[in-house]
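These notes concern the structure reproduced below.
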Amino acid sequence: MRVATANSYDNTISNLVKRQGELNAQQERISTGKRVQRASDDPVAAVLSETAQNRLSRVTADLRAVEASRTSLAQAESALGESGELIQQVRELMIAAGNATYGPREHRDLATQLEGLREQMLSVANRKDSAGRTLFGGLGGSSTPFVDVYNASGSAVGFEGLRGQEAAGNNSLPQALDGEAIWMRIPQGNGSFTLGLSASNTGGVRTDVGQVTNPSALTGHAYSVGFANVGGAMQYSVTNSTTGVPVSGQTDLPYLPGKAIEFDGMSFQMTGNPADGDTVNVSPTTGPTNIFKVVQDTIDALRATASGSTPLTHTLSRTLAELDAGHDRVLQARSQSGEWLNRAEAIDGLLGDRAVDYQTERSRLEDLDMVQGISDFQSQQVGLEAALKSYAQVQRLSLFQYVG
């Protein structure tokens, strides 16, 4: 088989072009630092690198979400701390209101101060984060979750958000807390029943908030404790207002200030000097109250009651107990926020480590070993230069150079 000289030259040129292309490709790898720039360079490595990139993208998105949650939770925790301080100031004013030397002017001043603190508490409950989301709106709803609702009986705060909050996950945290559970679910009185004084009372009897001594004995009925002056001695009798039947063993008993009265799983103490015909009402709780109503009840009592009168003292005893219960809820919510912030730190560290692992895996699959790459480039360059010089020498070989 005869091989023409032209064919040999064509093959040589083709090999030179191929070598030049490989050299250019190697130079491109060195300049970019990537061994795999397209799927055709290494199909297996390209697929594995794409998988690592997808996982890295998800981790990056989770990191952004955790950071947003951490920012909101930090602001919520700060707001709860401010709310706790406001509640403490309210408590101090309530205690001051019990001062027997205070008159109507002092009570009006205290009521004004309490009104200002109530407004501040409402403002804290409606606070938003840096992105404009409500911190205590629960699952969403109104942009102003706590609003004053005015009606014929006065004003009350209503919750217009959605109860509940998102559950914390392995890589996620809630960005808003359930403000309804924090401020609007405070148990009335002791949580099972409340004690109230009849508006027609003329004596100085008052009670504590009471307590449950036997939950299984509770009836859920209403009761009244009536006082009667019999032969110069004050006696009391307990009647089940729901059934109209006197309570067994609780009729015509001598009244002893400070002595506990116990019946149907309940216990409470009465102090002061009742008048003939005075009544203390025991009512089952009908539902929770809220921190704003507790403060408002105190304000109303301060404005409506003269200094040193029994209804004010009795109201303060109840509202202080309810305020303390509300403060406990705020502290619990702040503790939960702190725990979530700690979890955010742990999640951030975990996701950060994952991101490093995926970046390392992608680098291992795609990146070029620069030392090896430069060595290969130099070898290819030397080979190309040698091939070019050889081709130039061979190209000059012709019979016509020797003729003549």
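In the structure tokens, the first chain shown is A, the next is B, and so on; residue numbers restart at 1 for each chain, and ligands run from 1 in the order shown.
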List as JSON lines every residue of region 103-219 of chain A that is in contact with region 287-305 of chain A, defined as an atom at most 6 Å from one of its atoms (using only C-alpha atoms), together with the nearest atom pair and the distance in Å rounded to one decimal, sorted by chain and then rising number.
{"residue": "A:His107", "atom": "CA", "partner": "A:Leu302", "partner_atom": "CA", "distance": 5.4}
{"residue": "A:Arg108", "atom": "CA", "partner": "A:Arg303", "partner_atom": "CA", "distance": 5.9}
{"residue": "A:Ala111", "atom": "CA", "partner": "A:Ile299", "partner_atom": "CA", "distance": 4.9}
{"residue": "A:Trp183", "atom": "CA", "partner": "A:Ile291", "partner_atom": "CA", "distance": 5.5}
{"residue": "A:Met184", "atom": "CA", "partner": "A:Asn290", "partner_atom": "CA", "distance": 4.1}
{"residue": "A:Arg185", "atom": "CA", "partner": "A:Pro288", "partner_atom": "CA", "distance": 5.1}
{"residue": "A:Ile186", "atom": "CA", "partner": "A:Thr289", "partner_atom": "CA", "distance": 5.1}
{"residue": "A:Pro187", "atom": "CA", "partner": "A:Pro288", "partner_atom": "CA", "distance": 4.6}
{"residue": "A:Gln188", "atom": "CA", "partner": "A:Pro288", "partner_atom": "CA", "distance": 5.6}
- When DSSP works through the backbone of this structure, what residues of region 205-392 of chain A end up as strand (DSSP E), shown as JSON, numbers by chain? {"A": [206, 207, 211, 212, 223, 224, 225, 226, 227, 228, 229, 230, 233, 234, 235, 236, 237, 238, 239, 240, 245, 246, 253, 254, 260, 261, 262, 263, 266, 267, 268, 269, 270, 271, 279, 280, 281, 282, 283, 284]}
Please produce, as JSON lines, a per-residue contact table for region 252-354 of chain A versus region 129-141 of chain A (criterion: any atom at most 12 Å away, only C-alpha atoms considered), showing the nearest atom pair and its distance in Å to one decimal, sorted by chain then residue number.
{"residue": "A:Val330", "atom": "CA", "partner": "A:Phe136", "partner_atom": "CA", "distance": 11.8}
{"residue": "A:Ala333", "atom": "CA", "partner": "A:Phe136", "partner_atom": "CA", "distance": 10.7}
{"residue": "A:Ser337", "atom": "CA", "partner": "A:Leu135", "partner_atom": "CA", "distance": 11.5}
Preceding selection exported with N, CA and C atoms as a PDB file, in the first residue's frame:
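The resulting file, result_36.pdb, is reproduced below:
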ATOM      1  N   VAL A 330     -44.714  35.230  81.279  1.00  0.00           N
ATOM      2  CA  VAL A 330     -43.735  36.011  80.512  1.00  0.00           C
ATOM      3  C   VAL A 330     -42.336  35.451  80.719  1.00  0.00           C
ATOM      4  N   ALA A 333     -41.970  32.248  78.758  1.00  0.00           N
ATOM      5  CA  ALA A 333     -41.790  32.524  77.331  1.00  0.00           C
ATOM      6  C   ALA A 333     -40.377  33.032  77.048  1.00  0.00           C
ATOM      7  N   SER A 337     -37.556  31.329  74.691  1.00  0.00           N
ATOM      8  CA  SER A 337     -36.838  32.062  73.651  1.00  0.00           C
ATOM      9  C   SER A 337     -35.334  31.890  73.806  1.00  0.00           C
TER      10      SER A 337
END
### Message
Measuring between only C-alpha atoms, which one of A:Ser69, A:Ser335, A:Gln359, A:Ser57 shows the shortest distance to Glu166 (chain A)?
### Response
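That would be A:Ser69, the residue with the smallest distance to Glu166 (chain A).
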Next item on the list: Quick one: pick out all alpha helix (DSSP H) residues within region 159-224 of chain A from a backbone DSSP run and write them as a list in words.
Entry: Gly179, Glu180, Ala181, Ile182 and Trp183 of chain A
Exercise. Near Leu218 (chain A), counting only C-alpha atoms, which residues have an atom at most 8 Å away, once you skip same-chain residues fewer than 5 positions from it, shown as a list in words?
Worked result: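 Skipping anything fewer than 5 positions along the chain leaves Asp264, Gly265 and Met266 of chain A.
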* **Contacts of region 88-104 of chain A at 9 Å (only C-alpha atoms; same-chain gap of 2+ positions) as a VMD selection string** => chain A and resid 83 to 86 106 to 111 113 to 114 117 to 118 295 298 302 to 303 305 to 309 312 to 313 316 319 to 320 323 to 324 327
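The shell of residues at most 9 Å from His221 (chain A), with only C-alpha atoms counted and near chain neighbours (fewer than 2 positions) removed, consists of Leu218, Thr219, Tyr223, Asn240, Ser241, Thr242, Thr243, Val282, Ser283 and Pro284 of chain A.
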Residues just named, written with C-alpha atoms as a tab-separated table (two decimals), in the first residue's frame:
chain	number	residue	atom	x	y	z
A	218	LEU	CA	-64.68	20.39	93.48
A	219	THR	CA	-68.24	20.75	92.27
A	223	TYR	CA	-71.36	29.62	96.75
A	240	ASN	CA	-74.49	26.50	97.53
A	241	SER	CA	-75.87	29.23	95.26
A	242	THR	CA	-76.26	26.84	92.35
A	243	THR	CA	-78.51	24.41	94.25
A	282	VAL	CA	-67.36	32.19	95.61
A	283	SER	CA	-67.58	31.69	91.85
A	284	PRO	CA	-65.99	29.07	89.59
- region 350-352 of chain A surroundings by only C-alpha atoms, 9 Å radius, close-in-sequence under 4 positions cut, as a list of chain:residue names: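 With the cut-off at 9 Å, the set is A:Val59, A:Thr60, A:Asp62, A:Leu63, A:Asn171, A:Glu345, A:Ala346, A:Val356, A:Asp357.
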Checklist line | Test item: residues at most 9 Å from Ser200 (chain A), only C-alpha atoms, excluding those fewer than 2 positions along its chain, as a list of chain:residue names | finding: A:Leu197, A:Ser198, A:Thr202, A:Gly277, A:Asp278, A:Thr279
Restrict the selected residues to N, CA, C and O atoms and save them as an mmCIF file, in the first residue's frame.
data_model
loop_
_atom_site.group_PDB
_atom_site.id
_atom_site.type_symbol
_atom_site.label_atom_id
_atom_site.label_comp_id
_atom_site.auth_asym_id
_atom_site.auth_seq_id
_atom_site.Cartn_x
_atom_site.Cartn_y
_atom_site.Cartn_z
ATOM 1 N N LEU A 197 -66.627 40.351 96.754
ATOM 2 C CA LEU A 197 -67.427 40.969 97.806
ATOM 3 C C LEU A 197 -68.688 41.557 97.192
ATOM 4 O O LEU A 197 -68.655 42.142 96.105
ATOM 5 N N SER A 198 -69.787 41.414 97.878
ATOM 6 C CA SER A 198 -71.048 41.990 97.418
ATOM 7 C C SER A 198 -70.954 43.510 97.437
ATOM 8 O O SER A 198 -70.341 44.109 98.331
ATOM 9 N N THR A 202 -71.213 46.553 103.892
ATOM 10 C CA THR A 202 -70.901 47.766 104.658
ATOM 11 C C THR A 202 -69.780 47.537 105.658
ATOM 12 O O THR A 202 -69.276 48.502 106.245
ATOM 13 N N GLY A 277 -75.264 40.995 107.477
ATOM 14 C CA GLY A 277 -75.796 40.985 106.122
ATOM 15 C C GLY A 277 -74.754 41.033 105.023
ATOM 16 O O GLY A 277 -75.108 40.927 103.837
ATOM 17 N N ASP A 278 -73.481 41.191 105.372
ATOM 18 C CA ASP A 278 -72.426 41.175 104.346
ATOM 19 C C ASP A 278 -72.330 39.787 103.706
ATOM 20 O O ASP A 278 -72.663 38.770 104.330
ATOM 21 N N THR A 279 -71.838 39.781 102.482
ATOM 22 C CA THR A 279 -71.750 38.517 101.741
ATOM 23 C C THR A 279 -70.426 38.444 100.979
ATOM 24 O O THR A 279 -69.966 39.434 100.405
#
Q. Hey, which of A:Val66, A:Leu80, A:Gly204, A:Ala61 ends up closest to Asn342 (chain A)? Count only C-alpha atoms.
A.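 Of all the options, A:Val66 lies closest to Asn342 (chain A).
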Just checking: using only C-alpha atoms, which residue out of A:Ser248, A:Ser49, A:Thr285, A:Ser379 ends up closest to Phe193 (chain A)?
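For Phe193 (chain A), the nearest of the candidates is A:Thr285.
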Between CA of Leu122 (chain A) and CA of Tyr150 (chain A), what is the distance in Å, rounded to a tenth?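 The value is 15.2 Å.
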Return the single residue from A:Leu195, A:Val230, A:Leu341, A:Ala325 that is closest to Pro311 (chain A), with distances computed using only C-alpha atoms.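 Among the listed residues, the smallest separation from Pro311 (chain A) belongs to A:Leu195.
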If you count only C-alpha atoms, the residue of A:Asp208, A:Glu361, A:Asp348, A:Glu180 closest to Gly326 (chain A) turns out to be A:Glu180
Nearest to Val280 (chain A), restricted to only C-alpha atoms and choosing among A:Val157, A:Val238, A:Leu177, A:Ala125, comes out as A:Val238
Mind pulling up the distance from CA of Glu160 (chain A) to CA of Thr71 (chain A)?
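Separation of CA of Thr71 (chain A) and CA of Glu160 (chain A): 23.9 Å.
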